[in-house]
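Step one of this worksheet: look at the structure below.
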Amino acid sequence: MNKSFIKNFFLISPLKKCILEWGILLISGILFLYIKNFKILYFPVISILGACLFFLGIIFHIVCERIHKQAHQHSDKIKKIITTSIYSKIRHPLYLTLIIMNIGIGLSFGSLVTIILSLIFSLSTIITALYEEDYLSRKFPDYIEYKKKVPWRMIPYVF
């Protein structure tokens, strides 16, 4: 596989990526819901925690979306970078919310398979953020300065 195919895969529309990932998580969650061998310990408590994470992620996502109205568009269509509000603290709050929601879905079903898939999709989201930063740095010269002012991608003092 060539590098441009891989980059294009990770830079697809966030909405398309999300629909694909959530579809896979829901199908795997339903398929493995009643198979005891794939259940994790403390299933009911973990499911409630997962549902809370998912809904917390949705609320945070909606707040971030209102600040960055072009967030669900392909990177080519973004006309300017947003540097205010939460974007003045972390560069990718929407990707962070997707990771929170993915993990929430994985935990909600209490299936080891769904949790592993949610972690893989979360890693995919991190890779997407890295590719997007490279793209935005080339598209917007002031993005490099923004990265210096806001050094944290998703979690302050961590990443």
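The way I read the labels, and the way they are meant: chains A, B, ... in the order of the structure tokens, residue 1 as the first residue of every chain, and ligand 1 as the first ligand shown, with later ones counted on from there.
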
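Those residues that approach Gly29 in chain A to within 7 Å, counting only C-alpha atoms, are Leu25, Leu26, Ile27, Leu31, Phe32, Leu33, Phe109, Ser111 and Thr114 of chain A; same-chain residues fewer than 2 positions away are not listed.
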
Run DSSP on the backbone and grab whatever in chain A lands in alpha helix (DSSP H); send it over as a PyMOL selection string. chain A and resi 3-10+14-31+43-67+93-109+112-139+142-149

Proximity to Leu94 in chain A - best of A:Ile48, A:Leu53, A:Ile40, A:Ala129, only C-alpha atoms: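 Residue with the minimum atom-to-atom distance to Leu94 in chain A: A:Ala129.
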
Applying 12 Å and only C-alpha atoms, which residues near Leu98 in chain A remain after dropping the ones on its own chain fewer than 5 positions away? List them as JSON, numbers by chain. {"A": [14, 15, 17, 18, 19, 21, 22, 53, 54, 55, 56, 57, 58, 59, 60, 61, 62, 64, 65, 72, 92, 93, 103, 104, 105, 118, 119, 121, 122, 123, 124, 125, 126, 128, 129, 154]}

Grab the residues selected above and save them as a compact mmCIF listing (two decimals), in the first residue's frame with N, CA and C atoms.
# COMPACT_ATOMS: atom_id res chain seq x y z
N PRO A 14 -14.87 12.99 8.76
CA PRO A 14 -15.06 12.48 10.12
C PRO A 14 -16.43 11.83 10.32
N LEU A 15 -17.45 12.37 9.65
CA LEU A 15 -18.79 11.81 9.79
C LEU A 15 -18.85 10.39 9.21
N LYS A 17 -16.32 8.32 8.80
CA LYS A 17 -15.49 7.46 9.65
C LYS A 17 -16.26 7.06 10.91
N CYS A 18 -16.94 8.02 11.49
CA CYS A 18 -17.70 7.77 12.71
C CYS A 18 -18.85 6.79 12.47
N ILE A 19 -19.58 6.99 11.39
CA ILE A 19 -20.70 6.09 11.07
C ILE A 19 -20.19 4.66 10.87
N GLU A 21 -17.34 3.28 12.05
CA GLU A 21 -16.84 2.73 13.31
C GLU A 21 -17.98 2.38 14.27
N TRP A 22 -18.93 3.28 14.42
CA TRP A 22 -20.04 3.01 15.34
C TRP A 22 -20.91 1.85 14.85
N LEU A 53 -20.12 7.59 29.86
CA LEU A 53 -19.04 8.13 29.02
C LEU A 53 -19.56 8.53 27.64
N PHE A 54 -20.37 7.66 27.06
CA PHE A 54 -20.91 7.94 25.73
C PHE A 54 -21.73 9.23 25.74
N PHE A 55 -22.65 9.37 26.68
CA PHE A 55 -23.49 10.56 26.71
C PHE A 55 -22.71 11.82 27.10
N LEU A 56 -21.72 11.67 27.96
CA LEU A 56 -20.85 12.80 28.28
C LEU A 56 -20.09 13.23 27.03
N GLY A 57 -19.62 12.26 26.26
CA GLY A 57 -18.93 12.54 25.00
C GLY A 57 -19.83 13.26 24.01
N ILE A 58 -21.10 12.85 23.93
CA ILE A 58 -22.04 13.51 23.02
C ILE A 58 -22.23 14.97 23.42
N ILE A 59 -22.43 15.21 24.71
CA ILE A 59 -22.65 16.59 25.18
C ILE A 59 -21.43 17.46 24.86
N PHE A 60 -20.25 16.96 25.19
CA PHE A 60 -19.02 17.70 24.93
C PHE A 60 -18.83 17.91 23.42
N HIS A 61 -19.20 16.90 22.63
CA HIS A 61 -19.08 16.98 21.18
C HIS A 61 -19.96 18.10 20.62
N ILE A 62 -21.18 18.17 21.09
CA ILE A 62 -22.12 19.20 20.63
C ILE A 62 -21.58 20.59 20.97
N CYS A 64 -18.42 21.46 21.37
CA CYS A 64 -17.27 21.73 20.50
C CYS A 64 -17.70 22.00 19.06
N GLU A 65 -18.73 21.30 18.60
CA GLU A 65 -19.25 21.50 17.25
C GLU A 65 -19.77 22.91 17.04
N HIS A 72 -17.16 18.71 10.78
CA HIS A 72 -17.54 17.43 10.18
C HIS A 72 -17.26 17.37 8.68
N HIS A 92 -7.51 19.29 19.45
CA HIS A 92 -8.46 18.34 18.86
C HIS A 92 -9.53 17.88 19.86
N PRO A 93 -10.33 18.81 20.37
CA PRO A 93 -11.35 18.39 21.33
C PRO A 93 -12.42 17.47 20.72
N ILE A 103 -15.02 4.50 23.38
CA ILE A 103 -14.77 3.70 24.58
C ILE A 103 -16.07 3.49 25.35
N GLY A 104 -16.92 4.51 25.39
CA GLY A 104 -18.22 4.37 26.04
C GLY A 104 -19.07 3.28 25.40
N ILE A 105 -19.09 3.24 24.08
CA ILE A 105 -19.85 2.19 23.39
C ILE A 105 -19.25 0.82 23.72
N SER A 118 -13.15 -0.82 20.12
CA SER A 118 -13.24 0.60 20.47
C SER A 118 -11.85 1.19 20.72
N LEU A 119 -10.94 0.40 21.28
CA LEU A 119 -9.57 0.86 21.48
C LEU A 119 -8.83 1.00 20.15
N PHE A 121 -10.29 1.66 17.25
CA PHE A 121 -10.85 2.85 16.61
C PHE A 121 -10.35 4.13 17.28
N SER A 122 -10.11 4.07 18.58
CA SER A 122 -9.56 5.23 19.28
C SER A 122 -8.14 5.52 18.80
N LEU A 123 -7.36 4.48 18.63
CA LEU A 123 -6.01 4.64 18.08
C LEU A 123 -6.08 5.21 16.67
N SER A 124 -7.04 4.74 15.88
CA SER A 124 -7.25 5.26 14.53
C SER A 124 -7.57 6.75 14.57
N THR A 125 -8.33 7.19 15.55
CA THR A 125 -8.67 8.61 15.69
C THR A 125 -7.42 9.43 16.02
N ILE A 126 -6.56 8.89 16.85
CA ILE A 126 -5.31 9.58 17.17
C ILE A 126 -4.44 9.71 15.92
N THR A 128 -5.51 9.76 12.87
CA THR A 128 -6.20 10.75 12.03
C THR A 128 -5.81 12.16 12.45
N ALA A 129 -5.78 12.42 13.75
CA ALA A 129 -5.40 13.74 14.24
C ALA A 129 -3.98 14.09 13.82
N MET A 154 -4.91 16.61 22.76
CA MET A 154 -6.20 16.17 23.31
C MET A 154 -6.30 16.26 24.84

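Restricting the calculation to only C-alpha atoms, the smallest distance between Arg91 in chain A and any of A:Ile46, A:Ile78, A:Leu130, A:Ile30 is found for A:Leu130.
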
Quick one: contact table of range 83-108 of chain A to range 143-151 of chain A, 12 Å max, nearest atom pair and distance in Å to one decimal per residue, counting only C-alpha atoms, chain and number order, as JSON lines?
{"residue": "A:Thr83", "atom": "CA", "partner": "A:Tyr146", "partner_atom": "CA", "distance": 7.4}
{"residue": "A:Thr84", "atom": "CA", "partner": "A:Val150", "partner_atom": "CA", "distance": 10.7}
{"residue": "A:Ser85", "atom": "CA", "partner": "A:Val150", "partner_atom": "CA", "distance": 11.8}
{"residue": "A:Ile86", "atom": "CA", "partner": "A:Val150", "partner_atom": "CA", "distance": 10.4}
{"residue": "A:Tyr87", "atom": "CA", "partner": "A:Val150", "partner_atom": "CA", "distance": 8.1}
{"residue": "A:Ser88", "atom": "CA", "partner": "A:Val150", "partner_atom": "CA", "distance": 6.3}
{"residue": "A:Lys89", "atom": "CA", "partner": "A:Val150", "partner_atom": "CA", "distance": 6.0}
{"residue": "A:Ile90", "atom": "CA", "partner": "A:Val150", "partner_atom": "CA", "distance": 6.2}
{"residue": "A:Arg91", "atom": "CA", "partner": "A:Val150", "partner_atom": "CA", "distance": 6.7}
{"residue": "A:His92", "atom": "CA", "partner": "A:Val150", "partner_atom": "CA", "distance": 10.3}

Would you put the residues from that selection into a file with C-alpha atoms, as a PDB file, in the first residue's frame?
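After the write, out.pdb holds the following:
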ATOM      1  CA  THR A  83      -8.205  28.982  18.102  1.00  0.00           C
ATOM      2  CA  THR A  84     -10.761  30.199  20.644  1.00  0.00           C
ATOM      3  CA  SER A  85     -12.599  28.620  23.567  1.00  0.00           C
ATOM      4  CA  ILE A  86     -11.649  24.957  24.136  1.00  0.00           C
ATOM      5  CA  TYR A  87      -9.447  25.165  21.024  1.00  0.00           C
ATOM      6  CA  SER A  88      -7.190  27.552  22.942  1.00  0.00           C
ATOM      7  CA  LYS A  89      -6.452  24.710  25.415  1.00  0.00           C
ATOM      8  CA  ILE A  90      -6.348  21.595  23.201  1.00  0.00           C
ATOM      9  CA  ARG A  91      -6.132  21.295  19.414  1.00  0.00           C
ATOM     10  CA  HIS A  92      -8.459  18.337  18.865  1.00  0.00           C
TER      11      HIS A  92
END

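For the choices A:Leu11, A:Gly50, A:Gly23, A:Pro44, the atom-to-atom distance to Leu107 in chain A is smallest for A:Gly50 when using only C-alpha atoms.
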
Take CA of Leu20 in chain A and CA of Ser137 in chain A and report the distance between them in Å, one decimal.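 Between CA of Leu20 in chain A and CA of Ser137 in chain A the gap is 27.2 Å.
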